[in-house]
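Containing mmCIF, C-alpha atoms; chains and numbers go by the auth columns: target-v9.cif.
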data_entry
#
loop_
_atom_site.group_PDB
_atom_site.id
_atom_site.type_symbol
_atom_site.label_atom_id
_atom_site.label_comp_id
_atom_site.label_asym_id
_atom_site.label_seq_id
_atom_site.Cartn_x
_atom_site.Cartn_y
_atom_site.Cartn_z
_atom_site.B_iso_or_equiv
_atom_site.auth_seq_id
_atom_site.auth_asym_id
ATOM 1 C CA MET A 1 0.000 0.000 0.000 0.00 265 A
ATOM 2 C CA LYS A 2 2.956 2.343 0.588 0.00 266 A
ATOM 3 C CA PHE A 3 3.970 1.856 -3.049 0.00 267 A
ATOM 4 C CA LEU A 4 0.443 2.749 -4.190 0.00 268 A
ATOM 5 C CA PHE A 5 0.475 5.892 -2.057 0.00 269 A
ATOM 6 C CA GLU A 6 3.817 7.002 -3.520 0.00 270 A
ATOM 7 C CA ALA A 7 2.585 6.240 -7.037 0.00 271 A
ATOM 8 C CA ALA A 8 -0.532 8.310 -6.367 0.00 272 A
ATOM 9 C CA ILE A 9 1.575 11.311 -5.353 0.00 273 A
ATOM 10 C CA TYR A 10 3.699 10.912 -8.476 0.00 274 A
ATOM 11 C CA PHE A 11 0.651 10.769 -10.761 0.00 275 A
ATOM 12 C CA TYR A 12 -0.916 13.774 -9.066 0.00 276 A
ATOM 13 C CA THR A 13 2.227 15.901 -9.214 0.00 277 A
ATOM 14 C CA PHE A 14 3.637 15.051 -12.630 0.00 278 A
ATOM 15 C CA ASP A 15 0.547 15.002 -14.813 0.00 279 A
ATOM 16 C CA PRO A 16 2.241 16.261 -18.060 0.00 280 A
ATOM 17 C CA LEU A 17 5.095 13.792 -17.644 0.00 281 A
ATOM 18 C CA ILE A 18 2.610 10.932 -17.316 0.00 282 A
ATOM 19 C CA PHE A 19 0.825 11.885 -20.537 0.00 283 A
ATOM 20 C CA ASN A 20 4.168 12.143 -22.366 0.00 284 A
ATOM 21 C CA PHE A 21 5.151 8.722 -21.027 0.00 285 A
ATOM 22 C CA MET A 22 1.890 7.195 -22.242 0.00 286 A
ATOM 23 C CA ARG A 23 2.703 8.320 -25.794 0.00 287 A
ATOM 24 C CA LYS A 24 5.896 6.253 -25.808 0.00 288 A
ATOM 25 C CA ASN A 25 5.931 2.819 -27.397 0.00 289 A
ATOM 26 C CA TRP A 26 8.617 0.951 -25.458 0.00 290 A
ATOM 27 C CA TRP A 27 6.424 0.235 -22.441 0.00 291 A
ATOM 28 C CA LYS A 28 3.678 -1.118 -24.704 0.00 292 A
ATOM 29 C CA VAL A 29 6.166 -3.512 -26.279 0.00 293 A
ATOM 30 C CA LEU A 30 7.312 -4.472 -22.781 0.00 294 A
ATOM 31 C CA ALA A 31 3.703 -5.123 -21.731 0.00 295 A
ATOM 32 C CA SER A 32 3.137 -7.393 -24.733 0.00 296 A
ATOM 33 C CA VAL A 33 6.355 -9.326 -24.137 0.00 297 A
ATOM 34 C CA LEU A 34 5.708 -9.816 -20.413 0.00 298 A
ATOM 35 C CA VAL A 35 2.107 -10.946 -20.893 0.00 299 A
ATOM 36 C CA LEU A 36 3.107 -13.363 -23.662 0.00 300 A
ATOM 37 C CA TYR A 37 5.972 -14.677 -21.517 0.00 301 A
ATOM 38 C CA SER A 38 3.685 -15.197 -18.510 0.00 302 A
ATOM 39 C CA LEU A 39 1.059 -16.977 -20.630 0.00 303 A
ATOM 40 C CA VAL A 40 3.537 -19.406 -22.166 0.00 304 A
ATOM 41 C CA SER A 41 5.641 -19.947 -19.041 0.00 305 A
ATOM 42 C CA GLY A 42 2.566 -20.139 -16.833 0.00 306 A
ATOM 43 C CA PHE A 43 1.396 -23.251 -18.615 0.00 307 A
ATOM 44 C CA LEU A 44 4.734 -24.875 -19.465 0.00 308 A
ATOM 45 C CA LEU A 45 7.152 -24.285 -16.568 0.00 309 A
ATOM 46 C CA GLY A 46 7.094 -26.536 -13.533 0.00 310 A
ATOM 47 C CA VAL A 47 5.231 -25.682 -10.331 0.00 311 A
ATOM 48 C CA PRO A 48 5.375 -27.069 -6.763 0.00 312 A
ATOM 49 C CA HIS A 49 3.320 -30.250 -6.279 0.00 313 A
ATOM 50 C CA LEU A 50 1.106 -29.264 -3.360 0.00 314 A
ATOM 51 C CA PRO A 51 -1.884 -31.055 -1.856 0.00 315 A
ATOM 52 C CA ILE A 52 -5.324 -29.727 -2.846 0.00 316 A
ATOM 53 C CA LEU A 53 -3.876 -27.096 -5.200 0.00 317 A
ATOM 54 C CA HIS A 54 -1.955 -29.382 -7.574 0.00 318 A
ATOM 55 C CA GLU A 55 -1.756 -27.867 -11.076 0.00 319 A
ATOM 56 C CA SER A 56 -4.423 -25.266 -10.245 0.00 320 A
ATOM 57 C CA ILE A 57 -1.689 -23.203 -8.588 0.00 321 A
ATOM 58 C CA ARG A 58 -0.877 -21.982 -12.108 0.00 322 A
ATOM 59 C CA ASN A 59 -3.931 -19.766 -11.815 0.00 323 A
ATOM 60 C CA LEU A 60 -1.844 -17.594 -9.499 0.00 324 A
ATOM 61 C CA TYR A 61 -0.209 -16.181 -12.649 0.00 325 A
ATOM 62 C CA PHE A 62 -3.582 -14.969 -13.907 0.00 326 A
ATOM 63 C CA HIS A 63 -5.974 -14.453 -10.992 0.00 327 A
ATOM 64 C CA VAL A 64 -3.784 -12.276 -8.773 0.00 328 A
ATOM 65 C CA PRO A 65 -2.440 -10.011 -11.578 0.00 329 A
ATOM 66 C CA MET A 66 -6.046 -9.251 -12.578 0.00 330 A
ATOM 67 C CA TRP A 67 -6.745 -7.831 -9.112 0.00 331 A
ATOM 68 C CA PHE A 68 -3.471 -5.898 -8.968 0.00 332 A
ATOM 69 C CA THR A 69 -4.252 -4.375 -12.360 0.00 333 A
ATOM 70 C CA MET A 70 -7.776 -3.486 -11.263 0.00 334 A
ATOM 71 C CA ILE A 71 -6.498 -1.733 -8.132 0.00 335 A
ATOM 72 C CA VAL A 72 -3.886 0.281 -10.079 0.00 336 A
ATOM 73 C CA LEU A 73 -6.510 1.361 -12.620 0.00 337 A
ATOM 74 C CA TYR A 74 -8.928 2.414 -9.870 0.00 338 A
ATOM 75 C CA LEU A 75 -6.103 4.289 -8.141 0.00 339 A
ATOM 76 C CA VAL A 76 -5.313 6.267 -11.287 0.00 340 A
ATOM 77 C CA SER A 77 -9.035 6.940 -11.708 0.00 341 A
ATOM 78 C CA VAL A 78 -9.500 8.354 -8.220 0.00 342 A
ATOM 79 C CA ILE A 79 -6.395 10.556 -8.638 0.00 343 A
ATOM 80 C CA TYR A 80 -7.891 12.119 -11.741 0.00 344 A
ATOM 81 C CA SER A 81 -11.268 12.496 -10.048 0.00 345 A
ATOM 82 C CA ILE A 82 -9.491 14.567 -7.386 0.00 346 A
ATOM 83 C CA LYS A 83 -7.702 16.537 -10.088 0.00 347 A
ATOM 84 C CA TYR A 84 -11.006 17.179 -11.867 0.00 348 A
ATOM 85 C CA LEU A 85 -12.561 18.715 -8.753 0.00 349 A
ATOM 86 C CA GLY A 86 -9.647 21.135 -8.632 0.00 350 A
ATOM 87 C CA SER A 87 -9.470 21.931 -12.331 0.00 351 A
ATOM 88 C CA ASN A 88 -12.901 21.213 -13.893 0.00 352 A
ATOM 89 C CA SER A 89 -10.932 19.823 -16.839 0.00 353 A
ATOM 90 C CA GLU A 90 -12.963 17.557 -19.100 0.00 354 A
ATOM 91 C CA GLU A 91 -9.759 15.681 -19.877 0.00 355 A
ATOM 92 C CA HIS A 92 -9.269 14.716 -16.237 0.00 356 A
ATOM 93 C CA ASP A 93 -12.849 13.467 -16.035 0.00 357 A
ATOM 94 C CA LEU A 94 -12.384 11.344 -19.174 0.00 358 A
ATOM 95 C CA VAL A 95 -9.241 9.765 -17.729 0.00 359 A
ATOM 96 C CA ALA A 96 -11.116 8.933 -14.517 0.00 360 A
ATOM 97 C CA VAL A 97 -14.071 7.242 -16.197 0.00 361 A
ATOM 98 C CA GLU A 98 -12.032 5.290 -18.753 0.00 362 A
ATOM 99 C CA PHE A 99 -9.704 3.903 -16.097 0.00 363 A
ATOM 100 C CA VAL A 100 -12.775 2.772 -14.163 0.00 364 A
ATOM 101 C CA ASN A 101 -14.151 1.137 -17.315 0.00 365 A
ATOM 102 C CA ALA A 102 -10.916 -0.790 -17.797 0.00 366 A
ATOM 103 C CA GLY A 103 -10.726 -1.577 -14.075 0.00 367 A
ATOM 104 C CA VAL A 104 -14.204 -3.103 -14.076 0.00 368 A
ATOM 105 C CA VAL A 105 -13.192 -5.423 -16.921 0.00 369 A
ATOM 106 C CA PHE A 106 -10.177 -6.648 -14.967 0.00 370 A
ATOM 107 C CA GLY A 107 -12.365 -6.938 -11.876 0.00 371 A
ATOM 108 C CA PHE A 108 -14.662 -9.337 -13.726 0.00 372 A
ATOM 109 C CA LEU A 109 -11.655 -11.274 -15.009 0.00 373 A
ATOM 110 C CA GLY A 110 -10.453 -11.549 -11.410 0.00 374 A
ATOM 111 C CA LEU A 111 -13.836 -12.852 -10.308 0.00 375 A
ATOM 112 C CA ILE A 112 -14.031 -15.396 -13.140 0.00 376 A
ATOM 113 C CA THR A 113 -10.504 -16.752 -12.628 0.00 377 A
ATOM 114 C CA GLY A 114 -11.180 -16.862 -8.879 0.00 378 A
ATOM 115 C CA MET A 115 -14.387 -18.841 -9.367 0.00 379 A
ATOM 116 C CA ILE A 116 -12.600 -21.360 -11.586 0.00 380 A
ATOM 117 C CA TRP A 117 -9.845 -21.756 -8.995 0.00 381 A
ATOM 118 C CA ALA A 118 -12.324 -22.042 -6.122 0.00 382 A
ATOM 119 C CA ASN A 119 -14.258 -24.753 -7.954 0.00 383 A
ATOM 120 C CA TYR A 120 -11.159 -26.933 -8.183 0.00 384 A
ATOM 121 C CA THR A 121 -9.702 -26.277 -4.724 0.00 385 A
ATOM 122 C CA TRP A 122 -12.734 -25.596 -2.509 0.00 386 A
ATOM 123 C CA GLY A 123 -15.323 -27.710 -4.309 0.00 387 A
ATOM 124 C CA GLU A 124 -17.629 -24.933 -5.490 0.00 388 A
ATOM 125 C CA PRO A 125 -17.188 -21.746 -7.542 0.00 389 A
ATOM 126 C CA TRP A 126 -18.598 -19.414 -4.892 0.00 390 A
ATOM 127 C CA PRO A 127 -18.258 -20.588 -1.280 0.00 391 A
ATOM 128 C CA ASN A 128 -19.439 -18.275 1.479 0.00 392 A
ATOM 129 C CA ASP A 129 -16.079 -16.543 1.882 0.00 393 A
ATOM 130 C CA PRO A 130 -15.716 -12.899 3.026 0.00 394 A
ATOM 131 C CA LYS A 131 -13.009 -12.177 0.439 0.00 395 A
ATOM 132 C CA LEU A 132 -15.218 -13.339 -2.419 0.00 396 A
ATOM 133 C CA ASN A 133 -18.230 -11.467 -1.107 0.00 397 A
ATOM 134 C CA SER A 134 -16.177 -8.299 -0.635 0.00 398 A
ATOM 135 C CA ALA A 135 -14.840 -8.589 -4.182 0.00 399 A
ATOM 136 C CA ALA A 136 -18.377 -8.888 -5.535 0.00 400 A
ATOM 137 C CA ILE A 137 -19.533 -5.855 -3.537 0.00 401 A
ATOM 138 C CA SER A 138 -16.561 -3.825 -4.784 0.00 402 A
ATOM 139 C CA THR A 139 -17.365 -4.699 -8.390 0.00 403 A
ATOM 140 C CA LEU A 140 -21.026 -3.771 -7.937 0.00 404 A
ATOM 141 C CA MET A 141 -19.931 -0.518 -6.323 0.00 405 A
ATOM 142 C CA TYR A 142 -17.984 0.508 -9.414 0.00 406 A
ATOM 143 C CA LEU A 143 -20.751 -0.662 -11.724 0.00 407 A
ATOM 144 C CA ALA A 144 -22.988 1.693 -9.746 0.00 408 A
ATOM 145 C CA TYR A 145 -20.477 4.470 -10.515 0.00 409 A
ATOM 146 C CA LEU A 146 -20.945 3.866 -14.233 0.00 410 A
ATOM 147 C CA VAL A 147 -24.734 3.705 -13.887 0.00 411 A
ATOM 148 C CA LEU A 148 -24.663 6.984 -11.945 0.00 412 A
ATOM 149 C CA ARG A 149 -22.696 8.700 -14.711 0.00 413 A
ATOM 150 C CA ASN A 150 -25.033 7.465 -17.436 0.00 414 A
ATOM 151 C CA SER A 151 -28.103 8.602 -15.507 0.00 415 A
ATOM 152 C CA MET A 152 -27.189 12.294 -15.858 0.00 416 A
ATOM 153 C CA ASP A 153 -27.144 14.348 -19.051 0.00 417 A
ATOM 154 C CA GLU A 154 -25.582 17.612 -17.884 0.00 418 A
ATOM 155 C CA GLU A 155 -21.815 17.182 -18.323 0.00 419 A
ATOM 156 C CA GLN A 156 -20.410 19.223 -15.437 0.00 420 A
ATOM 157 C CA LYS A 157 -22.952 17.897 -12.957 0.00 421 A
ATOM 158 C CA ARG A 158 -22.256 14.327 -14.084 0.00 422 A
ATOM 159 C CA ALA A 159 -18.501 14.772 -13.829 0.00 423 A
ATOM 160 C CA ARG A 160 -18.595 16.424 -10.409 0.00 424 A
ATOM 161 C CA ILE A 161 -21.012 13.979 -8.772 0.00 425 A
ATOM 162 C CA SER A 162 -19.271 10.910 -10.201 0.00 426 A
ATOM 163 C CA SER A 163 -15.874 12.293 -9.116 0.00 427 A
ATOM 164 C CA ILE A 164 -17.092 12.651 -5.542 0.00 428 A
ATOM 165 C CA TYR A 165 -18.555 9.144 -5.657 0.00 429 A
ATOM 166 C CA ASN A 166 -15.264 7.785 -7.017 0.00 430 A
ATOM 167 C CA ILE A 167 -13.241 9.430 -4.246 0.00 431 A
ATOM 168 C CA PHE A 168 -15.359 7.718 -1.593 0.00 432 A
ATOM 169 C CA ALA A 169 -15.569 4.387 -3.451 0.00 433 A
ATOM 170 C CA PHE A 170 -11.827 3.748 -3.570 0.00 434 A
ATOM 171 C CA PRO A 171 -11.136 3.676 0.209 0.00 435 A
ATOM 172 C CA VAL A 172 -14.279 1.576 0.707 0.00 436 A
ATOM 173 C CA MET A 173 -12.930 -0.883 -1.859 0.00 437 A
ATOM 174 C CA VAL A 174 -9.589 -1.022 -0.024 0.00 438 A
ATOM 175 C CA VAL A 175 -11.381 -1.778 3.259 0.00 439 A
ATOM 176 C CA LEU A 176 -13.522 -4.472 1.639 0.00 440 A
ATOM 177 C CA LEU A 177 -10.625 -6.257 -0.057 0.00 441 A
ATOM 178 C CA PHE A 178 -7.732 -5.838 2.372 0.00 442 A
ATOM 179 C CA ILE A 179 -9.061 -5.148 5.871 0.00 443 A
ATOM 180 C CA LEU A 180 -12.402 -6.874 6.510 0.00 444 A
ATOM 181 C CA PRO A 181 -11.301 -10.346 5.239 0.00 445 A
ATOM 182 C CA ARG A 182 -8.365 -10.260 7.675 0.00 446 A
ATOM 183 C CA MET A 183 -10.730 -9.697 10.616 0.00 447 A
ATOM 184 C CA THR A 184 -12.707 -12.911 10.147 0.00 448 A
ATOM 185 C CA ASP A 185 -12.308 -16.503 8.979 0.00 449 A
ATOM 186 C CA SER A 186 -11.436 -16.785 5.304 0.00 450 A
ATOM 187 C CA LEU A 187 -10.360 -19.508 2.892 0.00 451 A
ATOM 188 C CA HIS A 188 -8.087 -17.130 1.016 0.00 452 A
ATOM 189 C CA PRO A 189 -4.311 -17.226 1.587 0.00 453 A
ATOM 190 C CA GLY A 190 -3.146 -14.255 3.627 0.00 454 A
ATOM 191 C CA ASN A 191 -6.590 -13.705 5.176 0.00 455 A
ATOM 192 C CA GLY A 192 -8.325 -14.952 8.298 0.00 456 A
ATOM 193 C CA GLY A 193 -5.068 -16.192 9.814 0.00 457 A
ATOM 194 C CA ASN A 194 -4.066 -18.208 6.738 0.00 458 A
ATOM 195 C CA PRO A 195 -0.469 -17.884 5.533 0.00 459 A
ATOM 196 C CA GLY A 196 0.067 -16.124 2.222 0.00 460 A
ATOM 197 C CA PHE A 197 1.453 -17.848 -0.851 0.00 461 A
ATOM 198 C CA ASN A 198 4.785 -16.135 -0.452 0.00 462 A
ATOM 199 C CA SER A 199 5.466 -17.815 2.892 0.00 463 A
ATOM 200 C CA TYR A 200 5.058 -21.445 1.911 0.00 464 A
ATOM 201 C CA ASP A 201 4.747 -22.287 -1.775 0.00 465 A
ATOM 202 C CA LEU A 202 5.786 -19.444 -4.113 0.00 466 A
ATOM 203 C CA ASP A 203 9.165 -20.922 -5.034 0.00 467 A
ATOM 204 C CA SER A 204 11.878 -19.393 -7.241 0.00 468 A
ATOM 205 C CA ARG A 205 10.413 -20.944 -10.408 0.00 469 A
ATOM 206 C CA MET A 206 7.057 -19.335 -9.802 0.00 470 A
ATOM 207 C CA ARG A 207 8.534 -15.954 -8.921 0.00 471 A
ATOM 208 C CA THR A 208 10.209 -15.750 -12.335 0.00 472 A
ATOM 209 C CA VAL A 209 6.727 -15.932 -13.885 0.00 473 A
ATOM 210 C CA PHE A 210 4.528 -14.283 -11.260 0.00 474 A
ATOM 211 C CA TYR A 211 6.283 -10.907 -10.978 0.00 475 A
ATOM 212 C CA PRO A 212 6.607 -10.378 -14.752 0.00 476 A
ATOM 213 C CA ALA A 213 2.945 -11.374 -15.065 0.00 477 A
ATOM 214 C CA VAL A 214 1.889 -8.741 -12.539 0.00 478 A
ATOM 215 C CA LEU A 215 3.902 -6.006 -14.251 0.00 479 A
ATOM 216 C CA GLY A 216 2.825 -7.083 -17.731 0.00 480 A
ATOM 217 C CA TRP A 217 -0.893 -7.155 -16.968 0.00 481 A
ATOM 218 C CA ILE A 218 -0.727 -3.793 -15.156 0.00 482 A
ATOM 219 C CA LEU A 219 0.971 -2.211 -18.165 0.00 483 A
ATOM 220 C CA LEU A 220 -1.556 -3.843 -20.491 0.00 484 A
ATOM 221 C CA GLY A 221 -4.423 -2.506 -18.377 0.00 485 A
ATOM 222 C CA VAL A 222 -2.981 1.015 -18.472 0.00 486 A
ATOM 223 C CA TRP A 223 -2.514 0.669 -22.235 0.00 487 A
ATOM 224 C CA ILE A 224 -6.153 -0.365 -22.729 0.00 488 A
ATOM 225 C CA ALA A 225 -7.397 2.487 -20.525 0.00 489 A
ATOM 226 C CA SER A 226 -5.202 5.033 -22.331 0.00 490 A
ATOM 227 C CA LEU A 227 -6.539 3.872 -25.708 0.00 491 A
ATOM 228 C CA ARG A 228 -10.101 4.249 -24.469 0.00 492 A
ATOM 229 C CA PHE A 229 -9.257 7.720 -23.166 0.00 493 A
ATOM 230 C CA ARG A 230 -7.832 8.801 -26.518 0.00 494 A
ATOM 231 C CA MET A 231 -10.925 7.500 -28.313 0.00 495 A
ATOM 232 C CA ARG A 232 -13.246 9.346 -25.936 0.00 496 A
ATOM 233 C CA LYS A 233 -11.181 12.508 -26.286 0.00 497 A
ATOM 234 C CA LEU A 234 -11.524 12.386 -30.085 0.00 498 A
ATOM 235 C CA GLU A 235 -15.285 11.828 -29.772 0.00 499 A
ATOM 236 C CA TYR A 236 -15.541 14.776 -27.376 0.00 500 A
ATOM 237 C CA LYS A 237 -13.676 17.064 -29.806 0.00 501 A
ATOM 238 C CA GLN A 238 -15.929 16.012 -32.686 0.00 502 A
ATOM 239 C CA HIS A 239 -19.077 16.914 -30.757 0.00 503 A
ATOM 240 C CA ASN A 240 -17.805 20.261 -29.461 0.00 504 A
#
Rewritten as structure tokens:
Amino acid sequence: MKFLFEAAIYFYTFDPLIFNFMRKNWWKVLASVLVLYSLVSGFLLGVPHLPILHESIRNLYFHVPMWFTMIVLYLVSVIYSIKYLGSNSEEHDLVAVEFVNAGVVFGFLGLITGMIWANYTWGEPWPNDPKLNSAAISTLMYLAYLVLRNSMDEEQKRARISSIYNIFAFPVMVVLLFILPRMTDSLHPGNGGNPGFNSYDLDSRMRTVFYPAVLGWILLGVWIASLRFRMRKLEYKQHN
């Protein structure tokens, strides 16, 4: 969380530098290479032979990066919602909404990969687990953000109200995903007194795939969101 806080300060302070960075191509190539590497290596390289998990542990390369990407995209969105309230810039509002749109997609991918994993390891796709329930509530909360935006026609009112909603939604999401599951019994590693993956089964082979996968999917998510932002910006210019 400290890293996310520092990244938030950087995004907020160096807005022009961020936009210039997003126009570069090298990080897009890096994203493609890392995602392709994680996909191939995730299925072909060896993994620890653990009871219950067995080969399903490979889902760690896909399920967890989806959630990390979602959180980064929501973080960028809430930063630009804050910036919009201070600037009333339509551009800042477009960045906020498009990063939420991309974040919701990765949120659904996280839910789907989690359900597949749960079905193999816990016997059913959706057991009554606080982490799963919190993830579902968080996703619905951001879907409500999108519904709220689409329910209003006046642009400035829509942008201001949805920005305020977004600012409150992000800390609630953090509480739901990272705090509440640790305060009660949970099947998830790292929650409810369970040890995390890193402490007992994320060996050196898996680290060489897992960390590139996380970085690659985050970069890919930012790339998708930036493309959506550029498309929306062109549409906005055509209608004004």
Which residues match the PyMOL selection byres ((chain A and resi 425-435) around 8) in the file above, as a CSV table (one decimal) with C-alpha atoms, keeping the file's coordinate frame?
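Contents of expr_37.csv, freshly written:
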chain,number,residue,atom,x,y,z
A,338,TYR,CA,-8.9,2.4,-9.9
A,339,LEU,CA,-6.1,4.3,-8.1
A,341,SER,CA,-9.0,6.9,-11.7
A,342,VAL,CA,-9.5,8.4,-8.2
A,345,SER,CA,-11.3,12.5,-10.0
A,346,ILE,CA,-9.5,14.6,-7.4
A,348,TYR,CA,-11.0,17.2,-11.9
A,349,LEU,CA,-12.6,18.7,-8.8
A,357,ASP,CA,-12.8,13.5,-16.0
A,360,ALA,CA,-11.1,8.9,-14.5
A,405,MET,CA,-19.9,-0.5,-6.3
A,406,TYR,CA,-18.0,0.5,-9.4
A,409,TYR,CA,-20.5,4.5,-10.5
A,412,LEU,CA,-24.7,7.0,-11.9
A,413,ARG,CA,-22.7,8.7,-14.7
A,421,LYS,CA,-23.0,17.9,-13.0
A,422,ARG,CA,-22.3,14.3,-14.1
A,423,ALA,CA,-18.5,14.8,-13.8
A,424,ARG,CA,-18.6,16.4,-10.4
A,436,VAL,CA,-14.3,1.6,0.7
A,437,MET,CA,-12.9,-0.9,-1.9
A,438,VAL,CA,-9.6,-1.0,0.0
A,439,VAL,CA,-11.4,-1.8,3.3
### Message
I need every residue sitting at most 6 Å from the point (-17.3, 19.0, -16.0) (coordinates as in the file, only C-alpha atoms considered), written as a PyMOL selection string.
### Response
chain A and resi 352+354+419-420+423
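CA of Arg471 in chain A is found 16.5 Å from CA of Met330 in chain A.
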#### Entry: Test item: the PyMOL selection byres ((chain A and resi 337) around 12) resolved as a ChimeraX atom specification
/A:268,271-272,275,330-336,338-344,359-371,406,434,481-490
On this structure, the PyMOL selection byres ((chain A and resi 441) around 8) would catch which residues? List them as a short mmCIF file (atom, residue, chain, number, x, y, z; two decimals) with C-alpha atoms, keeping the file's coordinate frame, sorted by chain and number.
data_model
loop_
_atom_site.label_atom_id
_atom_site.label_comp_id
_atom_site.auth_asym_id
_atom_site.auth_seq_id
_atom_site.Cartn_x
_atom_site.Cartn_y
_atom_site.Cartn_z
CA LYS A 395 -13.01 -12.18 0.44
CA SER A 398 -16.18 -8.30 -0.64
CA ALA A 399 -14.84 -8.59 -4.18
CA SER A 402 -16.56 -3.82 -4.78
CA MET A 437 -12.93 -0.88 -1.86
CA VAL A 438 -9.59 -1.02 -0.02
CA VAL A 439 -11.38 -1.78 3.26
CA LEU A 440 -13.52 -4.47 1.64
CA PHE A 442 -7.73 -5.84 2.37
CA ILE A 443 -9.06 -5.15 5.87
CA LEU A 444 -12.40 -6.87 6.51
CA PRO A 445 -11.30 -10.35 5.24
#
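Computed from the coordinates, the CA of His318 in chain A to CA of Tyr384 in chain A distance equals 9.5 Å.
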### Query
With distances taken over all atoms listed in the file, which of A:Ala477, A:Leu491, A:Leu498, A:Val297 is nearest to Arg322 in chain A?
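Looking at the shortest contact to Arg322 in chain A, the residue is A:Ala477.
Separating CA of Glu355 in chain A from CA of Phe493 in chain A is a distance of 8.6 Å.
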### Message
Within 6 Å of (6.0, -19.2, -15.4) (file coordinates; only C-alpha atoms), which protein or nucleic acid residues are there? I'd like them as number ranges by chain.
### Response
A: 302, 305-306, 309, 470, 473
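Restricting the calculation to all atoms listed in the file, the smallest distance between Glu319 in chain A and any of A:Ser351, A:Thr385, A:Asn289, A:Asp417 is found for A:Thr385.
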### Task
Identify which of the residues A:Leu308, A:Gly480, A:Arg494, A:Gly350 lies closest to Lys292 in chain A, counting only C-alpha atoms when measuring atom-to-atom distances.
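The shortest atom-to-atom distance to Lys292 in chain A comes from A:Gly480.
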### Top pick for closest residue to Tyr475 in chain A, considering A:Phe326, A:Trp291, A:Val311, A:Ala400 and counting only C-alpha atoms
A:Phe326
